[in-house]
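Here is structure.cif, consisting of mmCIF, C-alpha atoms:
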```cif
data_upload
#
loop_
_atom_site.label_atom_id
_atom_site.label_comp_id
_atom_site.auth_asym_id
_atom_site.auth_seq_id
_atom_site.Cartn_x
_atom_site.Cartn_y
_atom_site.Cartn_z
CA MET A 9 -22.10 -31.95 23.36
CA SER A 10 -22.65 -28.74 25.28
CA VAL A 11 -22.91 -25.36 23.65
CA SER A 12 -20.77 -23.01 25.64
CA ARG A 13 -20.61 -19.97 23.41
CA THR A 14 -23.45 -17.75 22.23
CA VAL A 15 -23.57 -15.24 19.38
CA LYS A 16 -26.29 -12.60 19.17
CA ALA A 17 -27.78 -12.16 15.71
CA GLN A 18 -27.73 -8.54 14.52
CA PRO A 19 -29.77 -6.82 11.80
CA LEU A 20 -28.42 -7.47 8.31
CA THR A 21 -26.96 -4.27 6.88
CA ALA A 22 -24.68 -3.72 3.91
CA GLU A 23 -22.06 -2.07 6.09
CA ALA A 24 -21.86 -4.79 8.73
CA PHE A 25 -21.95 -7.55 6.11
CA ALA A 26 -19.32 -5.96 3.82
CA PRO A 27 -16.35 -8.09 4.93
CA PHE A 28 -18.27 -11.22 3.89
CA GLY A 29 -20.11 -10.10 0.77
CA GLN A 30 -23.01 -7.98 -0.44
CA VAL A 31 -26.59 -7.50 0.68
CA ILE A 32 -28.98 -7.69 -2.28
CA GLU A 33 -31.96 -5.43 -1.68
CA ALA A 34 -33.82 -2.39 -2.90
CA THR A 35 -33.12 0.32 -0.37
CA GLY A 36 -33.20 4.10 -0.66
CA GLU A 37 -33.48 5.66 -4.10
CA PRO A 38 -33.03 3.50 -7.19
CA SER A 39 -29.92 3.91 -9.34
CA PHE A 40 -32.15 4.84 -12.27
CA LEU A 41 -35.63 4.29 -13.67
CA ILE A 42 -36.51 1.90 -16.48
CA ASN A 43 -39.70 0.97 -18.33
CA ASN A 44 -40.93 4.55 -18.77
CA GLY A 45 -40.46 5.24 -15.08
CA ARG A 46 -42.55 2.25 -13.96
CA CYS A 47 -39.59 0.40 -12.44
CA GLY A 48 -36.71 1.53 -10.26
CA ARG A 49 -33.49 -0.33 -10.88
CA TYR A 50 -31.07 -0.82 -7.98
CA HIS A 51 -28.18 -1.49 -10.26
CA ASP A 52 -25.08 -3.66 -10.04
CA LEU A 53 -25.43 -4.63 -6.38
CA ALA A 54 -23.13 -7.63 -6.66
CA ARG A 55 -21.10 -9.36 -9.34
CA PRO A 56 -20.60 -13.09 -9.19
CA GLU A 57 -16.94 -13.99 -8.57
CA ILE A 58 -15.99 -16.95 -10.72
CA LEU A 59 -12.45 -18.32 -10.46
CA GLY A 60 -10.67 -21.34 -11.89
CA GLU A 61 -10.85 -23.16 -15.17
CA ARG A 62 -13.86 -23.83 -17.39
CA ALA A 63 -16.23 -22.15 -14.97
CA GLU A 64 -19.50 -20.31 -15.47
CA VAL A 65 -22.25 -18.62 -13.51
CA THR A 66 -25.45 -20.65 -13.12
CA LEU A 67 -28.90 -20.04 -11.68
CA SER A 68 -30.45 -22.71 -9.45
CA VAL A 69 -33.23 -22.83 -6.88
CA GLY A 70 -32.80 -24.13 -3.33
CA ARG A 71 -35.90 -25.29 -1.46
CA SER A 72 -34.89 -25.25 2.18
CA ASP A 73 -36.41 -26.37 5.43
CA SER A 74 -36.59 -23.65 8.03
CA VAL A 75 -34.70 -23.20 11.25
CA SER A 76 -35.62 -21.52 14.50
CA LEU A 77 -33.81 -19.54 17.13
CA PRO A 78 -31.87 -20.30 19.22
CA TYR A 79 -29.91 -22.15 16.50
CA THR A 80 -26.93 -24.41 17.05
CA LEU A 81 -24.20 -23.56 14.54
CA ASP A 82 -21.93 -26.56 14.18
CA LEU A 83 -20.85 -26.42 10.55
CA LEU A 84 -19.33 -23.77 8.32
CA GLU A 85 -18.35 -24.06 4.69
CA ARG A 86 -16.73 -22.00 1.96
CA HIS A 87 -16.22 -22.07 -1.78
CA PRO A 88 -12.73 -20.91 -2.71
CA LEU A 89 -13.51 -20.72 -6.44
CA GLY A 90 -16.72 -18.75 -6.46
CA SER A 91 -19.21 -16.46 -4.77
CA GLN A 92 -22.67 -17.69 -3.85
CA ALA A 93 -25.79 -15.56 -3.80
CA PHE A 94 -29.01 -16.58 -2.04
CA VAL A 95 -32.08 -14.46 -2.72
CA PRO A 96 -35.43 -15.44 -1.20
CA MET A 97 -38.23 -15.99 -3.73
CA ALA A 98 -40.82 -15.21 -1.06
CA ALA A 99 -40.94 -12.49 1.56
CA THR A 100 -39.07 -14.44 4.23
CA PRO A 101 -36.44 -13.48 6.79
CA MET A 102 -33.41 -15.70 7.20
CA LEU A 103 -30.52 -16.29 9.51
CA VAL A 104 -27.18 -15.49 7.86
CA MET A 105 -24.08 -16.86 9.56
CA VAL A 106 -20.54 -16.06 8.50
CA ALA A 107 -17.05 -16.10 9.97
CA PRO A 108 -13.74 -14.44 9.18
CA ASP A 109 -10.91 -16.65 8.03
CA VAL A 110 -8.16 -17.17 10.58
CA GLY A 111 -5.24 -19.08 9.15
CA GLY A 112 -7.38 -21.21 6.88
CA LYS A 113 -10.05 -21.95 9.49
CA PRO A 114 -13.20 -20.08 10.46
CA GLY A 115 -12.77 -17.61 13.33
CA GLU A 116 -15.47 -16.34 15.68
CA PRO A 117 -18.80 -16.39 13.79
CA VAL A 118 -21.02 -13.38 13.13
CA ALA A 119 -24.78 -13.83 12.74
CA PHE A 120 -27.32 -11.62 10.97
CA LEU A 121 -31.10 -11.60 10.81
CA SER A 122 -32.34 -10.54 7.39
CA LYS A 123 -35.62 -8.81 6.68
CA ALA A 124 -38.04 -9.91 3.98
CA GLY A 125 -36.72 -8.57 0.68
CA GLN A 126 -33.04 -9.03 1.50
CA GLY A 127 -30.71 -11.55 -0.09
CA VAL A 128 -26.97 -11.99 0.25
CA GLN A 129 -23.95 -12.84 -1.85
CA TYR A 130 -21.02 -14.44 -0.04
CA HIS A 131 -17.61 -13.59 -1.44
CA ALA A 132 -15.58 -16.44 -2.88
CA GLY A 133 -13.79 -17.99 0.07
CA ALA A 134 -16.05 -16.50 2.77
CA TRP A 135 -16.95 -18.94 5.54
CA HIS A 136 -20.71 -19.25 5.92
CA GLY A 137 -23.44 -21.41 7.40
CA VAL A 138 -26.15 -23.23 5.49
CA LEU A 139 -29.32 -21.71 4.08
CA ALA A 140 -31.56 -20.90 7.04
CA PRO A 141 -35.01 -19.37 6.42
CA LEU A 142 -36.84 -18.56 9.64
CA ASN A 143 -40.58 -18.62 8.93
CA GLY A 144 -41.15 -21.99 7.31
CA PRO A 145 -39.67 -23.65 4.22
CA ALA A 146 -38.73 -21.28 1.42
CA ASP A 147 -37.32 -21.19 -2.09
CA PHE A 148 -34.17 -19.21 -2.84
CA LEU A 149 -32.59 -18.26 -6.10
CA ILE A 150 -28.96 -19.39 -5.97
CA VAL A 151 -26.39 -17.69 -8.20
CA ASP A 152 -23.09 -19.51 -8.07
CA ARG A 153 -20.42 -21.33 -10.01
CA VAL A 154 -20.35 -24.47 -12.10
CA GLY A 155 -17.00 -25.70 -13.31
CA SER A 156 -14.10 -27.97 -12.63
CA GLY A 157 -11.98 -28.01 -9.49
CA ASP A 158 -12.64 -28.56 -5.82
CA ASN A 159 -14.88 -25.73 -4.70
CA LEU A 160 -16.01 -26.89 -1.24
CA GLU A 161 -14.37 -26.80 2.17
CA GLU A 162 -16.40 -27.78 5.24
CA VAL A 163 -15.47 -27.41 8.88
CA SER A 164 -17.39 -29.09 11.69
CA LEU A 165 -17.11 -27.05 14.85
CA ALA A 166 -15.93 -29.18 17.76
CA GLU A 167 -17.48 -26.58 20.06
CA PRO A 168 -20.68 -25.32 18.45
CA PHE A 169 -22.02 -21.80 18.87
CA LEU A 170 -25.54 -20.98 19.93
CA ILE A 171 -27.05 -18.21 17.79
CA VAL A 172 -29.61 -16.20 19.77
CA GLU A 173 -31.90 -13.26 19.12
CA MET B 19 -55.24 4.25 -31.16
CA SER B 20 -57.43 1.18 -31.35
CA VAL B 21 -56.33 -2.25 -30.26
CA SER B 22 -57.45 -4.66 -32.90
CA ARG B 23 -55.59 -7.80 -31.94
CA THR B 24 -55.86 -9.84 -28.77
CA VAL B 25 -53.52 -12.47 -27.35
CA LYS B 26 -54.64 -14.89 -24.65
CA ALA B 27 -52.14 -15.37 -21.81
CA GLN B 28 -51.32 -19.03 -21.19
CA PRO B 29 -49.82 -20.73 -18.11
CA LEU B 30 -46.04 -20.37 -17.92
CA THR B 31 -44.39 -23.75 -18.50
CA ALA B 32 -40.79 -24.60 -19.31
CA GLU B 33 -41.83 -26.34 -22.51
CA ALA B 34 -43.94 -23.51 -23.93
CA PHE B 35 -41.37 -20.90 -22.91
CA ALA B 36 -38.33 -22.80 -24.27
CA PRO B 37 -37.97 -20.85 -27.53
CA PHE B 38 -37.56 -17.64 -25.53
CA GLY B 39 -35.56 -18.77 -22.49
CA GLN B 40 -35.81 -20.71 -19.24
CA VAL B 41 -38.34 -20.86 -16.43
CA ILE B 42 -36.62 -20.63 -13.04
CA GLU B 43 -38.57 -22.61 -10.48
CA ALA B 44 -38.47 -25.57 -8.11
CA THR B 45 -40.70 -28.18 -9.68
CA GLY B 46 -40.75 -31.95 -9.29
CA GLU B 47 -37.87 -33.66 -7.53
CA PRO B 48 -34.69 -31.71 -6.77
CA SER B 49 -31.50 -32.46 -8.69
CA PHE B 50 -29.82 -33.37 -5.40
CA LEU B 51 -29.94 -32.63 -1.69
CA ILE B 52 -27.56 -30.32 0.16
CA ASN B 53 -27.12 -29.23 3.79
CA ASN B 54 -27.51 -32.73 5.26
CA GLY B 55 -30.72 -33.27 3.33
CA ARG B 56 -32.35 -30.08 4.62
CA CYS B 57 -32.37 -28.38 1.22
CA GLY B 58 -33.25 -29.62 -2.24
CA ARG B 59 -31.22 -28.04 -5.01
CA TYR B 60 -32.83 -27.60 -8.43
CA HIS B 61 -29.51 -27.26 -10.16
CA ASP B 62 -28.28 -25.35 -13.17
CA LEU B 63 -31.67 -24.16 -14.42
CA ALA B 64 -30.24 -21.35 -16.54
CA ARG B 65 -26.83 -19.94 -17.35
CA PRO B 66 -26.48 -16.24 -18.06
CA GLU B 67 -25.48 -15.60 -21.69
CA ILE B 68 -22.91 -12.83 -21.81
CA LEU B 69 -21.58 -11.72 -25.19
CA GLY B 70 -19.31 -8.93 -26.39
CA GLU B 71 -16.28 -7.24 -24.94
CA ARG B 72 -15.45 -6.47 -21.31
CA ALA B 73 -18.74 -7.85 -20.09
CA GLU B 74 -19.77 -9.44 -16.80
CA VAL B 75 -22.82 -10.82 -15.04
CA THR B 76 -24.31 -8.55 -12.40
CA LEU B 77 -27.09 -8.80 -9.82
CA SER B 78 -29.56 -5.92 -9.48
CA VAL B 79 -33.01 -5.45 -8.02
CA GLY B 80 -35.95 -4.02 -9.95
CA ARG B 81 -38.84 -2.53 -7.97
CA SER B 82 -41.72 -2.48 -10.40
CA ASP B 83 -45.22 -1.07 -10.45
CA SER B 84 -47.87 -3.64 -11.21
CA VAL B 85 -50.07 -4.07 -14.25
CA SER B 86 -53.53 -5.50 -14.69
CA LEU B 87 -55.35 -7.50 -17.33
CA PRO B 88 -56.38 -6.77 -20.00
CA TYR B 89 -52.97 -5.22 -20.72
CA THR B 90 -52.06 -3.18 -23.79
CA LEU B 91 -48.73 -4.36 -25.17
CA ASP B 92 -47.24 -1.55 -27.24
CA LEU B 93 -43.50 -1.96 -26.70
CA LEU B 94 -41.05 -4.84 -27.02
CA GLU B 95 -37.32 -4.81 -26.41
CA ARG B 96 -34.35 -7.12 -26.64
CA HIS B 97 -30.73 -7.28 -25.57
CA PRO B 98 -28.54 -8.75 -28.28
CA LEU B 99 -25.49 -9.05 -26.03
CA GLY B 100 -26.95 -10.78 -23.01
CA SER B 101 -29.67 -12.78 -21.33
CA GLN B 102 -31.83 -11.24 -18.62
CA ALA B 103 -33.33 -13.13 -15.70
CA PHE B 104 -36.16 -11.76 -13.55
CA VAL B 105 -36.97 -13.67 -10.38
CA PRO B 106 -39.65 -12.35 -8.02
CA MET B 107 -38.46 -11.72 -4.45
CA ALA B 108 -42.01 -12.17 -3.16
CA ALA B 109 -44.66 -14.74 -4.02
CA THR B 110 -46.17 -12.81 -6.91
CA PRO B 111 -47.48 -13.85 -10.31
CA MET B 112 -46.43 -11.84 -13.35
CA LEU B 113 -47.32 -11.35 -16.97
CA VAL B 114 -44.51 -12.50 -19.29
CA MET B 115 -44.66 -11.28 -22.87
CA VAL B 116 -42.32 -12.42 -25.61
CA ALA B 117 -42.20 -12.58 -29.39
CA PRO B 118 -40.26 -14.53 -31.98
CA ASP B 119 -37.87 -12.61 -34.19
CA VAL B 120 -39.05 -12.18 -37.77
CA GLY B 121 -36.40 -10.57 -39.92
CA GLY B 122 -35.04 -8.39 -37.14
CA LYS B 123 -38.44 -7.31 -35.84
CA PRO B 124 -40.77 -8.89 -33.29
CA GLY B 125 -43.39 -11.23 -34.73
CA GLU B 126 -46.74 -12.17 -33.21
CA PRO B 127 -46.38 -11.95 -29.39
CA VAL B 128 -46.91 -14.81 -26.95
CA ALA B 129 -48.08 -14.10 -23.39
CA PHE B 130 -47.69 -16.19 -20.24
CA LEU B 131 -49.10 -15.93 -16.73
CA SER B 132 -46.59 -17.05 -14.14
CA LYS B 133 -47.41 -18.56 -10.78
CA ALA B 134 -45.87 -17.41 -7.51
CA GLY B 135 -42.43 -19.01 -7.28
CA GLN B 136 -41.63 -18.79 -10.99
CA GLY B 137 -39.04 -16.55 -12.58
CA VAL B 138 -37.76 -16.38 -16.14
CA GLN B 139 -34.56 -15.88 -18.04
CA TYR B 140 -34.86 -14.42 -21.54
CA HIS B 141 -32.25 -15.60 -24.01
CA ALA B 142 -29.90 -12.98 -25.40
CA GLY B 143 -31.73 -11.43 -28.33
CA ALA B 144 -35.22 -12.62 -27.33
CA TRP B 145 -37.92 -9.98 -27.78
CA HIS B 146 -39.79 -9.35 -24.54
CA GLY B 147 -42.08 -6.91 -22.79
CA VAL B 148 -41.32 -4.98 -19.62
CA LEU B 149 -41.46 -6.32 -16.08
CA ALA B 150 -45.14 -6.82 -15.23
CA PRO B 151 -46.10 -8.09 -11.77
CA LEU B 152 -49.84 -8.60 -11.39
CA ASN B 153 -50.73 -8.28 -7.71
CA GLY B 154 -49.24 -4.97 -6.69
CA PRO B 155 -45.70 -3.60 -6.83
CA ALA B 156 -42.94 -6.16 -6.40
CA ASP B 157 -39.18 -6.53 -6.21
CA PHE B 158 -37.35 -8.78 -8.67
CA LEU B 159 -33.81 -10.02 -8.70
CA ILE B 160 -32.36 -9.16 -12.11
CA VAL B 161 -29.41 -11.17 -13.43
CA ASP B 162 -28.03 -9.59 -16.58
CA ARG B 163 -25.01 -8.09 -18.28
CA VAL B 164 -22.86 -5.08 -17.64
CA GLY B 165 -20.30 -4.18 -20.26
CA SER B 166 -19.54 -2.10 -23.29
CA GLY B 167 -21.52 -2.08 -26.51
CA ASP B 168 -25.09 -1.28 -27.48
CA ASN B 169 -27.24 -3.87 -25.76
CA LEU B 170 -30.76 -2.46 -26.21
CA GLU B 171 -33.20 -2.51 -29.11
CA GLU B 172 -36.74 -1.23 -28.60
CA VAL B 173 -39.69 -1.49 -30.95
CA SER B 174 -42.91 0.48 -30.46
CA LEU B 175 -45.83 -1.42 -31.92
CA ALA B 176 -47.84 0.75 -34.31
CA GLU B 177 -50.76 -1.61 -33.72
CA PRO B 178 -50.70 -2.69 -30.08
CA PHE B 179 -51.89 -6.07 -28.87
CA LEU B 180 -54.38 -6.56 -26.06
CA ILE B 181 -53.25 -9.30 -23.65
CA VAL B 182 -56.26 -11.01 -22.07
CA GLU B 183 -56.83 -13.77 -19.54
#
```
Take the structure I supplied and represent it as structure tokens, if you would.
Amino acid sequence: MSVSRTVKAQPLTAEAFAPFGQVIEATGEPSFLINNGRCGRYHDLARPEILGERAEVTLSVGRSDSVSLPYTLDLLERHPLGSQAFVPMAATPMLVMVAPDVGGKPGEPVAFLSKAGQGVQYHAGAWHGVLAPLNGPADFLIVDRVGSGDNLEEVSLAEPFLIVE
Amino acid sequence: MSVSRTVKAQPLTAEAFAPFGQVIEATGEPSFLINNGRCGRYHDLARPEILGERAEVTLSVGRSDSVSLPYTLDLLERHPLGSQAFVPMAATPMLVMVAPDVGGKPGEPVAFLSKAGQGVQYHAGAWHGVLAPLNGPADFLIVDRVGSGDNLEEVSLAEPFLIVE
């Protein structure tokens, strides 16, 4: 299977990522100080989106193998009933791959390179690739949905994309 | 103000911490594998507890100064309307201080030393100290409540405790 299409990974910024979700990071000035000024709180960066019946937010940890660039993107998935946040528990960069929805299928993918200290939340229904730390295996806090209903759609890409630096 | 009472910090384990909340970490075998076996998911470790009216879960980041041992514990707080999770975004240990409730006031405190890769969620209403990373300033993902109502009680300890290793 040849890879005919390449996508250049771009720096992960809140603005560029906005159509797909939120970037979770401490950047600029904090919203306010807590703990007698000893801690800056960057407040309310993302709210979990939880749809459907009998559903709740839950915290899990994902321990993921790492990937390297160039990376062959051949699978995208989405969760119509809930957002998913992935926040690294160590100072690791990751590859973040998303795609707009085009008539119920993923369109042309967009790839981001995160910096250490950045996590993401994908909107409910946003097409995205799998967890992809870049500098060795890493643990991520996952904030997503538990509940009833079918919350997973996967699409294998007949023509994969090559994600490059 | 003299510190007459000392408390020895103990290793943070799920069992010892259970009265106060959950430890968020990847330990032992994962609950199941995701991403074609490339990622182990430690599933459903803690669910945010959100009480009261017009309330939601939100994700924030706290950028905290560090503390050192011995540490003078002179303030405890609690949030009657919601849990709070603090998960380090870098591989940093922290000091975790909690206390049982005794008639609406904090009782004798209990102190834990976390390892890199461990976070905690405090139950709604659990007395706890402030965010206290040990090896320099650190960022933490905070998962807690936004909503109406008075969700903060603070108690200054007339006789502080000295937390020691």
Distance-based interface of chain A with chain B, 8 Å, counting all atoms listed in the file, as number ranges by chain
A: 32-34, 43, 46-56, 64-73, 95-99, 125, 138-139, 147, 149
The PyMOL selection byres ((chain A and resi 60) around 10) applied to the shown file, residues as an NGL selection string:
:A and (58-59 or 61-64 or 88-90 or 153 or 155-159)
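The space between atom CA of B:Phe104 and atom CA of A:Val104 spans 23.5 Å.
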How many Å separate atom CA of B:Leu170 from atom CA of B:Ala34?
24.9 Å
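With all atoms listed in the file as the atoms that count, the minimum distance from A:Ala22 to the choices A:Leu103, A:Leu77, A:Ala119, A:Val128 is reached by A:Val128.
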Go through the shown structure with the PyMOL selection byres ((chain B and resi 37) around 12) and write out the matching residues as a tab-separated table (two decimals) with C-alpha atoms, in the frame of the given file.
```
chain	number	residue	atom	x	y	z
B	31	THR	CA	-44.39	-23.75	-18.50
B	32	ALA	CA	-40.79	-24.60	-19.31
B	33	GLU	CA	-41.83	-26.34	-22.51
B	34	ALA	CA	-43.94	-23.51	-23.93
B	35	PHE	CA	-41.37	-20.90	-22.91
B	36	ALA	CA	-38.33	-22.80	-24.27
B	38	PHE	CA	-37.56	-17.64	-25.53
B	39	GLY	CA	-35.56	-18.77	-22.49
B	40	GLN	CA	-35.81	-20.71	-19.24
B	41	VAL	CA	-38.34	-20.86	-16.43
B	116	VAL	CA	-42.32	-12.42	-25.61
B	117	ALA	CA	-42.20	-12.58	-29.39
B	118	PRO	CA	-40.26	-14.53	-31.98
B	119	ASP	CA	-37.87	-12.61	-34.19
B	128	VAL	CA	-46.91	-14.81	-26.95
B	139	GLN	CA	-34.56	-15.88	-18.04
B	140	TYR	CA	-34.86	-14.42	-21.54
B	141	HIS	CA	-32.25	-15.60	-24.01
B	142	ALA	CA	-29.90	-12.98	-25.40
B	143	GLY	CA	-31.73	-11.43	-28.33
B	144	ALA	CA	-35.22	-12.62	-27.33
B	145	TRP	CA	-37.92	-9.98	-27.78
```
So which residues get picked by the PyMOL selection byres ((chain A and resi 169) around 10) here, written as number ranges by chain?
A: 10-15, 78-83, 116-117, 165-168, 170-172
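The gap separating atom CA of A:His87 from atom CA of B:Gly46 is 27.5 Å, in Å to one decimal.
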Here is a test: counting only C-alpha atoms, which residue of B:Lys26, B:Lys133, B:Lys123, B:His146 is nearest to B:Leu94?
B:His146
Report the centre and edge lengths, in Å to one decimal, of an axis-aligned box enclosing every atom of stretch 156-171 of chain A listed in the file, padded by 8 Å on each side, as JSON.
```
{"center_x": -19.5, "center_y": -23.7, "center_z": 3.7, "size_x": 31.1, "size_y": 27.0, "size_z": 48.7}
```
